$ cat model_26.tsv   # TSV, C-alpha atoms and all ligand atoms
chain	number	residue	atom	x	y	z
A	1209	MET	CA	35.19	6.79	21.49
A	1210	PRO	CA	37.60	6.81	18.53
A	1211	SER	CA	37.18	3.06	18.21
A	1212	VAL	CA	33.42	3.45	17.94
A	1213	PHE	CA	33.89	6.09	15.27
A	1214	ALA	CA	36.30	3.88	13.41
A	1215	LEU	CA	33.79	1.07	13.58
A	1216	TRP	CA	30.96	3.32	12.41
A	1217	ASN	CA	33.03	4.57	9.48
A	1218	ALA	CA	33.91	1.00	8.64
A	1219	ILE	CA	30.24	0.08	8.67
A	1220	ASN	CA	29.45	3.08	6.50
A	1221	ALA	CA	32.16	2.10	4.07
A	1222	GLN	CA	30.83	-1.44	4.06
A	1223	VAL	CA	27.34	-0.20	3.36
A	1224	ASN	CA	28.59	2.01	0.56
A	1225	VAL	CA	30.50	-0.82	-1.02
A	1226	GLY	CA	28.08	-3.60	-0.13
A	1227	MET	CA	24.93	-1.92	-1.35
A	1228	GLY	CA	26.85	-0.68	-4.33
A	1229	GLY	CA	24.90	2.49	-4.64
A	1230	VAL	CA	24.23	4.58	-1.58
A	1231	ALA	CA	26.72	7.09	-2.95
A	1232	LYS	CA	24.95	7.08	-6.29
A	1233	HIS	CA	21.59	7.55	-4.60
A	1234	ARG	CA	23.05	10.39	-2.57
A	1235	SER	CA	24.48	12.21	-5.54
A	1236	GLY	CA	21.26	11.85	-7.48
A	1237	GLU	CA	22.86	9.59	-10.07
A	1238	ARG	CA	20.22	6.94	-9.39
A	1239	ALA	CA	16.52	7.44	-10.10
A	1240	GLY	CA	14.34	8.97	-7.43
A	1241	ARG	CA	14.81	11.47	-4.68
A	1242	PRO	CA	18.39	11.77	-3.35
A	1243	VAL	CA	18.69	9.93	-0.06
A	1244	GLY	CA	20.61	10.82	3.10
A	1245	PHE	CA	23.32	8.91	4.88
A	1246	PRO	CA	22.45	5.54	6.35
A	1247	ARG	CA	21.38	5.88	9.95
A	1248	LEU	CA	21.79	3.58	12.91
A	1249	LYS	CA	18.77	1.36	13.42
A	1250	SER	CA	18.05	1.26	17.11
A	1251	ARG	CA	16.25	-1.71	18.55
A	1252	HIS	CA	14.46	0.68	20.88
A	1253	ARG	CA	12.81	2.65	18.14
A	1254	SER	CA	12.11	0.13	15.40
A	1255	THR	CA	9.47	-2.54	14.92
A	1256	PRO	CA	10.77	-5.82	16.28
A	1257	SER	CA	10.66	-8.40	13.52
A	1258	VAL	CA	12.54	-11.48	12.45
A	1259	ARG	CA	12.34	-13.51	9.24
A	1260	PHE	CA	13.03	-17.22	9.03
A	1261	THR	CA	13.92	-18.71	5.67
A	1262	THR	CA	15.40	-22.04	6.69
A	1263	GLY	CA	14.75	-24.68	9.29
A	1264	ALA	CA	11.57	-26.23	10.59
A	1265	ILE	CA	8.66	-23.97	9.65
A	1266	ARG	CA	5.36	-25.77	9.83
A	1267	VAL	CA	1.74	-25.61	10.91
A	1268	GLU	CA	0.75	-28.14	13.55
A	1269	PRO	CA	-2.08	-30.57	12.65
A	1270	ASP	CA	-4.39	-28.87	15.15
A	1271	ARG	CA	-4.02	-25.67	13.06
A	1272	LYS	CA	-3.79	-23.63	16.24
A	1273	HIS	CA	-0.02	-23.77	16.57
A	1274	VAL	CA	2.94	-23.07	14.33
A	1275	VAL	CA	6.50	-24.26	14.79
A	1276	LEU	CA	9.32	-21.86	14.01
A	1277	PRO	CA	13.09	-22.27	14.33
A	1278	ARG	CA	14.54	-21.12	17.68
A	1279	LEU	CA	11.11	-20.03	18.90
A	1280	GLY	CA	9.50	-23.48	18.87
A	1281	ARG	CA	5.79	-24.05	19.13
A	1282	LEU	CA	3.65	-20.89	19.17
A	1283	LYS	CA	-0.05	-20.73	19.96
A	1284	LEU	CA	-2.08	-18.80	17.39
A	1285	HIS	CA	-5.09	-16.64	18.08
A	1286	GLU	CA	-6.49	-17.14	14.60
A	1287	SER	CA	-6.77	-20.53	13.00
A	1288	ALA	CA	-4.24	-21.29	10.26
A	1289	ARG	CA	-6.87	-23.53	8.64
A	1290	LYS	CA	-6.62	-22.14	5.11
A	1291	LEU	CA	-2.85	-22.37	5.02
A	1292	ALA	CA	-2.93	-25.89	6.50
A	1293	HIS	CA	-5.46	-27.00	3.86
A	1294	ARG	CA	-3.17	-25.84	1.08
A	1295	LEU	CA	-0.08	-27.38	2.65
A	1296	GLU	CA	-1.85	-30.72	3.08
A	1297	ALA	CA	-3.16	-30.66	-0.47
A	1298	GLY	CA	0.35	-29.91	-1.71
A	1299	THR	CA	-0.68	-26.69	-3.45
A	1300	ALA	CA	1.44	-24.47	-1.25
A	1301	ARG	CA	5.03	-24.38	-0.07
A	1302	ILE	CA	6.20	-22.13	2.75
A	1303	MET	CA	9.12	-20.00	1.61
A	1304	SER	CA	9.60	-17.97	4.76
A	1305	ALA	CA	7.93	-16.88	7.97
A	1306	THR	CA	8.18	-13.40	9.44
A	1307	VAL	CA	7.40	-12.70	13.06
A	1308	ARG	CA	6.60	-9.09	13.72
A	1309	ARG	CA	5.16	-6.97	16.47
A	1310	ASP	CA	2.54	-4.57	15.20
A	1311	GLY	CA	0.04	-2.55	17.14
A	1312	GLY	CA	0.73	-4.36	20.41
A	1313	ARG	CA	0.33	-7.82	18.89
A	1314	TRP	CA	2.71	-10.39	17.54
A	1315	HIS	CA	1.96	-11.53	14.01
A	1316	VAL	CA	3.48	-14.28	11.97
A	1317	ALA	CA	3.26	-13.88	8.20
A	1318	PHE	CA	4.02	-16.77	5.90
A	1319	CYS	CA	5.37	-16.15	2.46
A	1320	VAL	CA	3.96	-19.01	0.43
A	1321	GLU	CA	4.40	-20.26	-3.10
A	1322	VAL	CA	0.92	-21.29	-4.22
A	1323	ASP	CA	-0.33	-23.25	-7.20
A	1324	ARG	CA	-3.43	-21.26	-7.96
A	1325	VAL	CA	-6.36	-22.44	-9.98
A	1326	GLN	CA	-6.41	-20.24	-13.08
A	1327	ARG	CA	-9.56	-18.19	-12.76
A	1328	LEU	CA	-11.18	-15.59	-14.95
A	1329	PRO	CA	-13.00	-12.45	-13.87
A	1330	ALA	CA	-16.80	-12.77	-13.83
A	1331	ARG	CA	-17.14	-10.33	-16.73
A	1332	THR	CA	-14.05	-11.05	-18.80
A	1333	ASP	CA	-14.96	-8.69	-21.64
A	1334	ALA	CA	-16.03	-5.83	-19.43
A	1335	THR	CA	-13.89	-2.75	-18.98
A	1336	VAL	CA	-14.11	-0.36	-16.09
A	1337	GLY	CA	-12.44	2.99	-15.57
A	1338	ILE	CA	-11.60	3.80	-11.97
A	1339	ASP	CA	-11.19	7.39	-10.86
A	1340	VAL	CA	-9.80	7.54	-7.33
A	1341	GLY	CA	-10.48	10.50	-5.13
A	1342	ILE	CA	-11.09	11.77	-1.64
A	1343	LYS	CA	-14.81	12.57	-1.79
A	1344	HIS	CA	-15.42	9.04	-3.03
A	1345	LEU	CA	-12.62	6.51	-2.73
A	1346	ALA	CA	-13.34	5.31	-6.26
A	1347	VAL	CA	-15.80	6.31	-8.93
A	1348	LEU	CA	-16.37	3.68	-11.60
A	1349	SER	CA	-17.25	4.36	-15.21
A	1350	THR	CA	-20.37	2.27	-14.58
A	1351	GLY	CA	-21.60	5.14	-12.41
A	1352	THR	CA	-20.94	3.35	-9.12
A	1353	TYR	CA	-19.52	5.34	-6.24
A	1354	GLU	CA	-17.32	3.53	-3.76
A	1355	PRO	CA	-17.51	5.45	-0.50
A	1356	ASN	CA	-14.43	6.72	1.27
A	1357	PRO	CA	-14.83	5.59	4.88
A	1358	ARG	CA	-12.26	8.11	6.21
A	1359	HIS	CA	-11.16	5.97	9.11
A	1360	LEU	CA	-8.52	8.44	10.21
A	1361	ASP	CA	-11.04	11.27	10.47
A	1362	ALA	CA	-13.30	9.04	12.54
A	1363	ALA	CA	-10.48	8.17	14.92
A	1364	GLN	CA	-9.03	11.69	15.06
A	1365	GLN	CA	-10.77	12.71	18.29
A	1366	ARG	CA	-9.54	9.63	20.15
A	1367	LEU	CA	-6.04	9.95	18.67
A	1368	ARG	CA	-5.81	13.56	19.79
A	1369	ARG	CA	-6.94	12.69	23.31
A	1370	LEU	CA	-4.42	9.85	23.57
A	1371	GLY	CA	-1.66	12.02	22.15
A	1372	ARG	CA	-2.41	14.70	24.71
A	1373	ARG	CA	-2.37	12.14	27.50
A	1374	LEU	CA	0.98	10.81	26.28
A	1375	SER	CA	2.50	14.29	26.20
A	1376	ARG	CA	1.54	14.87	29.84
A	1377	ARG	CA	3.40	11.74	30.94
A	1378	GLN	CA	7.10	11.59	31.76
A	1379	GLY	CA	8.67	10.37	28.53
A	1380	PRO	CA	12.27	9.43	27.77
A	1381	ASP	CA	14.85	12.17	27.33
A	1382	ARG	CA	18.15	11.27	25.76
A	1383	ARG	CA	19.93	14.42	26.87
A	1384	THR	CA	19.18	13.97	30.57
A	1385	GLY	CA	19.04	10.19	30.48
A	1386	GLN	CA	15.48	10.32	31.79
A	1387	ARG	CA	13.75	6.95	31.53
A	1388	PRO	CA	10.10	6.80	30.46
A	1389	SER	CA	7.59	6.24	33.23
A	1390	ASN	CA	5.33	3.20	33.25
A	1391	ARG	CA	2.34	5.47	32.68
A	1392	TRP	CA	4.08	6.95	29.62
A	1393	ARG	CA	4.68	3.46	28.26
A	1394	ARG	CA	1.06	2.54	28.86
A	1395	ALA	CA	-0.19	5.70	27.13
A	1396	GLN	CA	2.11	5.04	24.21
A	1397	THR	CA	0.76	1.50	23.85
A	1398	GLN	CA	-2.78	2.84	23.78
A	1399	LEU	CA	-1.90	5.41	21.12
A	1400	GLY	CA	-0.15	2.74	19.06
A	1401	ARG	CA	-3.18	0.47	19.29
A	1402	ALA	CA	-5.47	3.29	18.13
A	1403	HIS	CA	-3.26	3.96	15.11
A	1404	ALA	CA	-3.06	0.25	14.33
A	1405	ARG	CA	-6.84	0.01	14.39
A	1406	VAL	CA	-7.12	2.77	11.78
A	1407	ALA	CA	-4.59	0.99	9.59
A	1408	ASN	CA	-6.41	-2.35	9.97
A	1409	LEU	CA	-9.79	-0.87	9.04
A	1410	ARG	CA	-8.29	0.86	6.02
A	1411	ARG	CA	-6.48	-2.25	4.85
A	1412	ASP	CA	-9.58	-4.41	5.22
A	1413	GLY	CA	-11.73	-2.02	3.19
A	1414	LEU	CA	-9.14	-1.67	0.44
A	1415	HIS	CA	-8.68	-5.44	0.16
A	1416	GLN	CA	-12.41	-6.01	-0.14
A	1417	LEU	CA	-12.73	-3.33	-2.83
A	1418	THR	CA	-9.76	-4.44	-4.93
A	1419	THR	CA	-10.68	-8.14	-4.70
A	1420	ARG	CA	-14.19	-7.31	-5.89
A	1421	LEU	CA	-12.96	-5.14	-8.77
A	1422	ALA	CA	-10.30	-7.59	-9.94
A	1423	GLY	CA	-12.73	-10.50	-9.71
A	1424	THR	CA	-15.47	-8.75	-11.67
A	1425	TYR	CA	-13.94	-6.88	-14.59
A	1426	GLY	CA	-11.62	-8.22	-17.26
A	1427	THR	CA	-9.92	-4.88	-17.82
A	1428	LEU	CA	-9.34	-2.16	-15.28
A	1429	VAL	CA	-8.04	1.28	-16.17
A	1430	VAL	CA	-6.60	3.53	-13.49
A	1431	GLU	CA	-4.64	6.75	-13.46
A	1432	ASP	CA	-0.95	6.83	-12.68
A	1433	LEU	CA	-1.07	9.13	-9.70
A	1434	ASN	CA	1.97	10.85	-8.28
A	1435	VAL	CA	0.98	9.95	-4.73
A	1436	ALA	CA	4.30	10.97	-3.21
A	1437	GLY	CA	3.95	14.38	-4.84
A	1438	MET	CA	0.32	14.74	-3.77
A	1439	LEU	CA	1.30	14.00	-0.19
A	1440	ARG	CA	3.37	17.18	-0.26
A	1441	ASN	CA	0.13	19.17	-0.42
A	1442	ARG	CA	-0.30	19.94	3.24
A	1443	ARG	CA	-4.01	20.62	3.05
A	1444	LEU	CA	-4.79	17.30	1.41
A	1445	ALA	CA	-1.95	15.05	2.54
A	1446	ARG	CA	-3.77	13.55	5.50
A	1447	HIS	CA	-6.87	12.76	3.47
A	1448	ILE	CA	-4.85	11.29	0.62
A	1449	ALA	CA	-2.86	9.12	2.98
A	1450	ASP	CA	-6.07	8.05	4.71
A	1451	ALA	CA	-7.67	7.03	1.42
A	1452	GLY	CA	-4.68	4.87	0.47
A	1453	PHE	CA	-4.40	5.63	-3.26
A	1454	GLY	CA	-1.00	4.03	-3.63
A	1455	GLU	CA	-2.06	0.84	-1.87
A	1456	LEU	CA	-5.21	0.62	-4.00
A	1457	ARG	CA	-3.16	0.73	-7.16
A	1458	ARG	CA	-0.60	-1.77	-5.80
A	1459	GLN	CA	-3.30	-4.26	-4.83
A	1460	LEU	CA	-5.06	-3.92	-8.19
A	1461	ALA	CA	-1.78	-4.63	-9.95
A	1462	TYR	CA	-1.20	-8.00	-8.34
A	1463	LYS	CA	-4.84	-9.01	-8.02
A	1464	THR	CA	-5.58	-8.52	-11.71
A	1465	LEU	CA	-2.60	-10.78	-12.32
A	1466	TRP	CA	-4.09	-13.44	-10.05
A	1467	SER	CA	-7.57	-13.18	-11.48
A	1468	GLY	CA	-6.39	-13.27	-15.09
A	1469	GLY	CA	-7.57	-9.75	-15.80
A	1470	ARG	CA	-5.47	-6.84	-16.94
A	1471	LEU	CA	-4.66	-3.48	-15.48
A	1472	ILE	CA	-4.01	-0.49	-17.69
A	1473	VAL	CA	-2.35	2.53	-16.15
A	1474	ALA	CA	-3.12	5.79	-17.88
A	1475	ASP	CA	-0.32	8.25	-18.33
A	1476	ARG	CA	0.15	10.66	-15.45
A	1477	TRP	CA	-0.56	13.64	-17.68
A	1478	TYR	CA	-3.62	12.25	-19.42
A	1479	PRO	CA	-6.36	14.88	-18.85
A	1480	SER	CA	-9.05	12.43	-17.69
A	1481	SER	CA	-11.02	15.08	-15.81
A	1482	LYS	CA	-10.76	17.83	-18.43
A	1483	THR	CA	-11.81	15.72	-21.42
A	1484	CYS	CA	-15.44	15.34	-22.43
A	1485	SER	CA	-16.34	11.66	-22.41
A	1486	GLY	CA	-19.03	12.34	-25.04
A	1487	CYS	CA	-17.22	14.24	-27.79
A	1488	GLY	CA	-13.57	14.31	-26.71
A	1489	ALA	CA	-13.22	18.07	-26.33
A	1490	VAL	CA	-10.55	19.05	-23.82
A	1491	LYS	CA	-11.03	21.97	-21.47
A	1492	THR	CA	-7.98	24.04	-20.64
A	1493	LYS	CA	-9.13	24.76	-17.11
A	1494	LEU	CA	-11.39	22.91	-14.72
A	1495	PRO	CA	-11.40	24.10	-11.11
A	1496	LEU	CA	-11.55	21.38	-8.44
A	1497	ALA	CA	-14.68	22.97	-7.00
A	1498	GLU	CA	-16.64	22.27	-10.20
A	1499	ARG	CA	-18.28	18.95	-9.37
A	1500	THR	CA	-20.27	18.49	-12.59
A	1501	TYR	CA	-18.73	18.45	-16.03
A	1502	THR	CA	-20.60	20.58	-18.55
A	1503	CYS	CA	-19.33	20.35	-22.10
A	1504	THR	CA	-19.46	23.56	-24.11
A	1505	SER	CA	-19.16	21.67	-27.42
A	1506	CYS	CA	-21.81	18.95	-27.16
A	1507	GLY	CA	-23.75	19.99	-24.09
A	1508	LEU	CA	-22.94	16.87	-22.06
A	1509	VAL	CA	-23.67	17.24	-18.35
A	1510	LEU	CA	-22.16	14.53	-16.16
A	1511	ASP	CA	-20.70	14.12	-12.69
A	1512	ARG	CA	-17.06	15.19	-12.81
A	1513	ASP	CA	-15.66	11.92	-11.48
A	1514	VAL	CA	-17.92	9.67	-13.58
A	1515	ASN	CA	-16.77	11.64	-16.64
A	1516	ALA	CA	-13.13	11.04	-15.69
A	1517	ALA	CA	-13.77	7.33	-15.11
A	1518	CYS	CA	-15.48	7.06	-18.52
A	1519	ASN	CA	-12.45	8.68	-20.16
A	1520	LEU	CA	-10.17	6.16	-18.48
A	1521	ALA	CA	-12.37	3.27	-19.64
A	1522	ALA	CA	-12.27	4.67	-23.18
A	1523	LEU	CA	-8.47	4.47	-23.17
A	1524	VAL	CA	-8.74	0.71	-23.66
A	1525	ARG	CA	-9.74	1.20	-27.28
A	1526	GLU	CA	-6.61	3.24	-27.92
A	1527	VAL	CA	-4.44	0.58	-26.34
A	1528	THR	CA	-6.17	-2.23	-28.23
A	1529	THR	CA	-6.30	-0.53	-31.64
A	1530	ALA	CA	-2.77	0.81	-31.38
A	1531	GLY	CA	-1.68	-2.76	-30.83
A	1532	SER	CA	0.95	-1.73	-28.38
A	1533	GLY	CA	2.33	-4.95	-27.05
A	1534	PRO	CA	0.57	-8.15	-26.11
A	1535	VAL	CA	-2.97	-7.35	-25.01
A	1536	ALA	CA	-3.86	-11.00	-24.38
A	1537	GLY	CA	-5.38	-12.30	-21.18
A	1538	ARG	CA	-2.21	-12.10	-19.17
A	1539	GLY	CA	-2.41	-9.31	-16.66
A	1540	ALA	CA	0.36	-7.01	-17.64
A	1541	ASP	CA	0.63	-3.63	-16.01
A	1542	GLN	CA	0.41	-1.65	-19.20
A	1543	LYS	CA	1.12	2.01	-19.51
A	1544	THR	CA	-0.78	4.08	-21.99
A	1545	ARG	CA	0.67	7.05	-23.76
A	1546	PRO	CA	-2.12	8.11	-26.10
A	1547	ASP	CA	-1.07	10.22	-29.06
A	1548	GLY	CA	-2.76	13.51	-29.61
A	1549	PRO	CA	-3.28	16.56	-27.43
A	1550	VAL	CA	-1.56	15.10	-24.41
A	1551	ALA	CA	1.17	17.08	-22.79
A	1552	VAL	CA	3.85	14.51	-22.12
A	1553	LYS	CA	5.85	16.05	-19.36
A	1554	ARG	CA	7.93	13.68	-17.36
A	1555	GLN	CA	9.70	14.65	-14.22
A	1556	PRO	CA	13.26	13.41	-14.35
A	1557	GLY	CA	13.69	10.24	-12.43
A	1558	THR	CA	10.04	9.36	-11.98
A	1559	ALA	CA	9.71	7.28	-15.11
A	1560	THR	CA	11.07	4.08	-13.70
A	1561	ALA	CA	10.62	4.68	-10.01
A	1562	ASP	CA	7.02	3.49	-9.80
A	1563	GLN	CA	7.35	0.49	-12.06
A	1564	THR	CA	9.51	-1.61	-9.84
A	1565	GLY	CA	6.96	-2.28	-7.13
A	1566	THR	CA	4.40	-3.88	-9.42
A	1567	VAL	CA	6.57	-6.53	-10.98
A	1568	PRO	CA	5.35	-9.95	-9.86
A	1569	PRO	CA	7.82	-12.51	-8.56
A	1570	GLN	CA	9.07	-15.08	-11.02
A	1571	GLY	CA	7.47	-18.48	-11.05
A	1572	GLY	CA	4.60	-19.19	-8.72
A	1573	THR	CA	2.48	-16.64	-7.01
A	1574	THR	CA	3.55	-15.43	-3.63
A	1575	HIS	CA	0.83	-15.39	-1.09
A	1576	GLN	CA	0.82	-14.01	2.39
A	1577	THR	CA	-1.10	-15.52	5.19
A	1578	LEU	CA	-1.56	-13.62	8.39
A	1579	ALA	CA	-1.97	-15.40	11.64
A	1580	ARG	CA	-1.73	-13.82	15.00
A	1581	ALA	CA	0.76	-15.38	17.34
A	1582	HIS	CA	0.30	-15.48	21.04
A	1601	ZN	ZN	-18.60	17.18	-25.28
$ encode --input "model_26.tsv" --output "structure tokens"
Amino acid sequence: MPSVFALWNAINAQVNVGMGGVAKHRSGERAGRPVGFPRLKSRHRSTPSVRFTTGAIRVEPDRKHVVLPRLGRLKLHESARKLAHRLEAGTARIMSATVRRDGGRWHVAFCVEVDRVQRLPARTDATVGIDVGIKHLAVLSTGTYEPNPRHLDAAQQRLRRLGRRLSRRQGPDRRTGQRPSNRWRRAQTQLGRAHARVANLRRDGLHQLTTRLAGTYGTLVVEDLNVAGMLRNRRLARHIADAGFGELRRQLAYKTLWSGGRLIVADRWYPSSKTCSGCGAVKTKLPLAERTYTCTSCGLVLDRDVNAACNLAALVREVTTAGSGPVAGRGADQKTRPDGPVAVKRQPGTATADQTGTVPPQGGTTHQTLARAH
């Protein structure tokens, strides 16, 4: 065993040196939550995936097969027609292909550099404020409510039943060396499929919503939500995770860039719910249970979420008049920090943590195509 330990320590040392910062992340010197030690990645407990960046990666002329290095010709379940069209027209170049097993299926995802036709949103001059929530997934300042389908809630009964079934089967036990039974494996596959279905439904709905929003409005204003922090609320965590706030924001960020629109992210501490969208008065307290906003100054009565969305939409004027940075058609992920009665409290380390994910790749646009491999 000492040799294994020596090897493990060597690997750890390598990781510490190679990554140049695990120690700094651990000590809290780097931004974000301190992380633990690197852990062994077991092939038994992780998602099997492999990424190819060199070699013969191509779509066969029949569009039903792809050719990958080492793996050869793979039959697809879904047609790769759209990708093939782009490749033939010379408007796309495959950068890499990732094969991955997800929810009992093998997928191959192509990372593609695409020459996109520069498009503009249908209503270039229009601004919309988007208030995300659990009751409604999104409430727009136009007064439109986007329903929250709550896919996880819908699947909960089935998930519980499958989980119960799995727990009654003979699973693996590392202490006794017990191997999982075939029935356990089968039950686990079923549970995994059920979870994958929830994720697929959620992803589909979010993509449709964000594509529609980015293709319609020239300017979108959203709140900068501390999703990681909200997930620590144990009464709401499941519902917040099911709604997919973080993913919504991420998709809007890159889709506004594609569509030529712009996304403005309101400061995390901007009181969008507590401000009156009519006169600008700010309430000190507004319980979550109060669903309609009633202004004591001007008598405005409006749905709570519509009021918040209107306030977000109104932030555009502040950004535009303040002249903070280039506000031209390019879709920059702008942050607003309106002056005035806004409590600017920043948690240490959160300022830069959420900006990294939204930076687009240099050069062309990266586009992912999903095809299901046999
Ligand atoms: Zn008012």
$ residues_near_ligand --input "model_26.tsv" --ligand "ligand ZN 1601 (chain A)" --cutoff "9 Å" --atoms "all atoms listed in the file" --output "PyMOL selection string"
chain A and resi 1483-1490+1502-1509
$ atom_distance --input "model_26.tsv" --atom1 "CA of Val1430 (chain A)" --atom2 "CA of Val1473 (chain A)"
5.1 Å
$ closest_atom_pairs --input "model_26.tsv" --of "region 1303-1395 of chain A" --to "region 1401-1404 of chain A" --cutoff "10 Å" --atoms "all atoms listed in the file" --output "JSON lines"
{"residue": "A:Asp1310", "atom": "CA", "partner": "A:Ala1404", "partner_atom": "CA", "distance": 7.4}
{"residue": "A:Gly1311", "atom": "CA", "partner": "A:Arg1401", "partner_atom": "CA", "distance": 4.9}
{"residue": "A:Gly1312", "atom": "CA", "partner": "A:Arg1401", "partner_atom": "CA", "distance": 6.3}
{"residue": "A:Arg1313", "atom": "CA", "partner": "A:Arg1401", "partner_atom": "CA", "distance": 9.0}
{"residue": "A:Leu1360", "atom": "CA", "partner": "A:His1403", "partner_atom": "CA", "distance": 8.5}
{"residue": "A:Ala1363", "atom": "CA", "partner": "A:Ala1402", "partner_atom": "CA", "distance": 7.7}
{"residue": "A:Gln1364", "atom": "CA", "partner": "A:Ala1402", "partner_atom": "CA", "distance": 9.6}
{"residue": "A:Arg1366", "atom": "CA", "partner": "A:Ala1402", "partner_atom": "CA", "distance": 7.8}
{"residue": "A:Leu1367", "atom": "CA", "partner": "A:Ala1402", "partner_atom": "CA", "distance": 6.7}
{"residue": "A:Leu1370", "atom": "CA", "partner": "A:Ala1402", "partner_atom": "CA", "distance": 8.6}
{"residue": "A:Ala1395", "atom": "CA", "partner": "A:Arg1401", "partner_atom": "CA", "distance": 9.9}
$ closest_residue --input "model_26.tsv" --among "A:His1447, A:Arg1309, A:Arg1278, A:His1293" --to "Ala1362 (chain A)" --atoms "only C-alpha atoms"
A:His1447
$ atom_distance --input "model_26.tsv" --atom1 "CA of Leu1460 (chain A)" --atom2 "CA of Ile1338 (chain A)"
10.8 Å
$ axis_aligned_box --input "model_26.tsv" --around "region 1361-1365 of chain A" --padding-each-side "6 Å" --output "JSON"
{"center_x": -11.2, "center_y": 10.4, "center_z": 14.4, "size_x": 16.3, "size_y": 16.5, "size_z": 19.8}
$ residues_around --input "model_26.tsv" --residues "Ala1330 (chain A)" --least-positions-apart "6" --cutoff "7 Å" --atoms "all atoms listed in the file" --output "PyMOL selection string"
chain A and resi 1423-1425
$ residues_around --input "model_26.tsv" --residues "Leu1494 (chain A)" --least-positions-apart "5" --cutoff "9 Å" --atoms "all atoms listed in the file" --output "JSON, numbers by chain"
{"A": [1481, 1482, 1501]}
$ atom_distance --input "model_26.tsv" --atom1 "CA of Asp1511 (chain A)" --atom2 "CA of Asn1356 (chain A)"
17.0 Å
$ residues_around --input "model_26.tsv" --residues "Val1347 (chain A)" --least-positions-apart "2" --cutoff "9 Å" --atoms "all atoms listed in the file" --output "number ranges by chain"
A: 1337-1341, 1344-1345, 1349-1355, 1513-1514, 1516-1517
$ closest_residue --input "model_26.tsv" --among "A:Val1527, A:Leu1444, A:Leu1295, A:Leu1428" --to "Asp1333 (chain A)" --atoms "all atoms listed in the file"
A:Leu1428
$ closest_residue --input "model_26.tsv" --among "A:Ile1265, A:Ala1521, A:Val1230, A:Leu1439" --to "Phe1318 (chain A)" --atoms "all atoms listed in the file"
A:Ile1265
$ closest_residue --input "model_26.tsv" --among "A:Ile1342, A:Val1406, A:Val1267, A:Val1316" --to "Met1438 (chain A)" --atoms "only C-alpha atoms"
A:Ile1342
$ residues_around --input "model_26.tsv" --residues "Ile1302 (chain A)" --least-positions-apart "4" --cutoff "7 Å" --atoms "all atoms listed in the file" --output "PyMOL selection string"
chain A and resi 1318-1321
$ closest_residue --input "model_26.tsv" --among "A:Leu1348, A:Ala1288, A:Ala1264, A:Ala1334" --to "Asn1515 (chain A)" --atoms "all atoms listed in the file"
A:Leu1348
$ closest_residue --input "model_26.tsv" --among "A:Arg1387, A:Arg1470, A:Arg1393, A:Lys1343" --to "Leu1374 (chain A)" --atoms "all atoms listed in the file"
A:Arg1393
$ decode --input "model_26.tsv" --residues "region 1310-1321 of chain A" --atoms "N, CA and C atoms" --output "PDB file, in the first residue's frame"
ATOM      1  N   ASP A1310     -25.874   9.561 -21.155  1.00  0.00           N
ATOM      2  CA  ASP A1310     -26.723  10.386 -20.305  1.00  0.00           C
ATOM      3  C   ASP A1310     -28.134   9.799 -20.312  1.00  0.00           C
ATOM      4  N   GLY A1311     -28.619   9.480 -19.144  1.00  0.00           N
ATOM      5  CA  GLY A1311     -29.974   8.968 -19.041  1.00  0.00           C
ATOM      6  C   GLY A1311     -30.190   7.698 -19.840  1.00  0.00           C
ATOM      7  N   GLY A1312     -29.189   6.809 -19.849  1.00  0.00           N
ATOM      8  CA  GLY A1312     -29.336   5.531 -20.526  1.00  0.00           C
ATOM      9  C   GLY A1312     -29.121   5.598 -22.027  1.00  0.00           C
ATOM     10  N   ARG A1313     -28.751   6.752 -22.544  1.00  0.00           N
ATOM     11  CA  ARG A1313     -28.513   6.871 -23.980  1.00  0.00           C
ATOM     12  C   ARG A1313     -27.124   7.426 -24.222  1.00  0.00           C
ATOM     13  N   TRP A1314     -26.591   7.097 -25.386  1.00  0.00           N
ATOM     14  CA  TRP A1314     -25.326   7.688 -25.793  1.00  0.00           C
ATOM     15  C   TRP A1314     -25.620   8.895 -26.671  1.00  0.00           C
ATOM     16  N   HIS A1315     -24.974  10.006 -26.352  1.00  0.00           N
ATOM     17  CA  HIS A1315     -25.146  11.210 -27.163  1.00  0.00           C
ATOM     18  C   HIS A1315     -23.799  11.600 -27.741  1.00  0.00           C
ATOM     19  N   VAL A1316     -23.831  12.191 -28.917  1.00  0.00           N
ATOM     20  CA  VAL A1316     -22.612  12.821 -29.400  1.00  0.00           C
ATOM     21  C   VAL A1316     -22.924  14.298 -29.643  1.00  0.00           C
ATOM     22  N   ALA A1317     -22.130  15.155 -29.020  1.00  0.00           N
ATOM     23  CA  ALA A1317     -22.326  16.603 -29.142  1.00  0.00           C
ATOM     24  C   ALA A1317     -21.164  17.182 -29.924  1.00  0.00           C
ATOM     25  N   PHE A1318     -21.473  17.951 -30.942  1.00  0.00           N
ATOM     26  CA  PHE A1318     -20.428  18.576 -31.737  1.00  0.00           C
ATOM     27  C   PHE A1318     -20.275  20.028 -31.321  1.00  0.00           C
ATOM     28  N   CYS A1319     -19.052  20.401 -31.062  1.00  0.00           N
ATOM     29  CA  CYS A1319     -18.770  21.814 -30.809  1.00  0.00           C
ATOM     30  C   CYS A1319     -18.373  22.401 -32.159  1.00  0.00           C
ATOM     31  N   VAL A1320     -19.114  23.374 -32.614  1.00  0.00           N
ATOM     32  CA  VAL A1320     -18.983  23.843 -33.989  1.00  0.00           C
ATOM     33  C   VAL A1320     -18.748  25.340 -34.037  1.00  0.00           C
ATOM     34  N   GLU A1321     -17.814  25.750 -34.883  1.00  0.00           N
ATOM     35  CA  GLU A1321     -17.640  27.184 -35.125  1.00  0.00           C
ATOM     36  C   GLU A1321     -18.516  27.544 -36.316  1.00  0.00           C
TER      37      GLU A1321
END
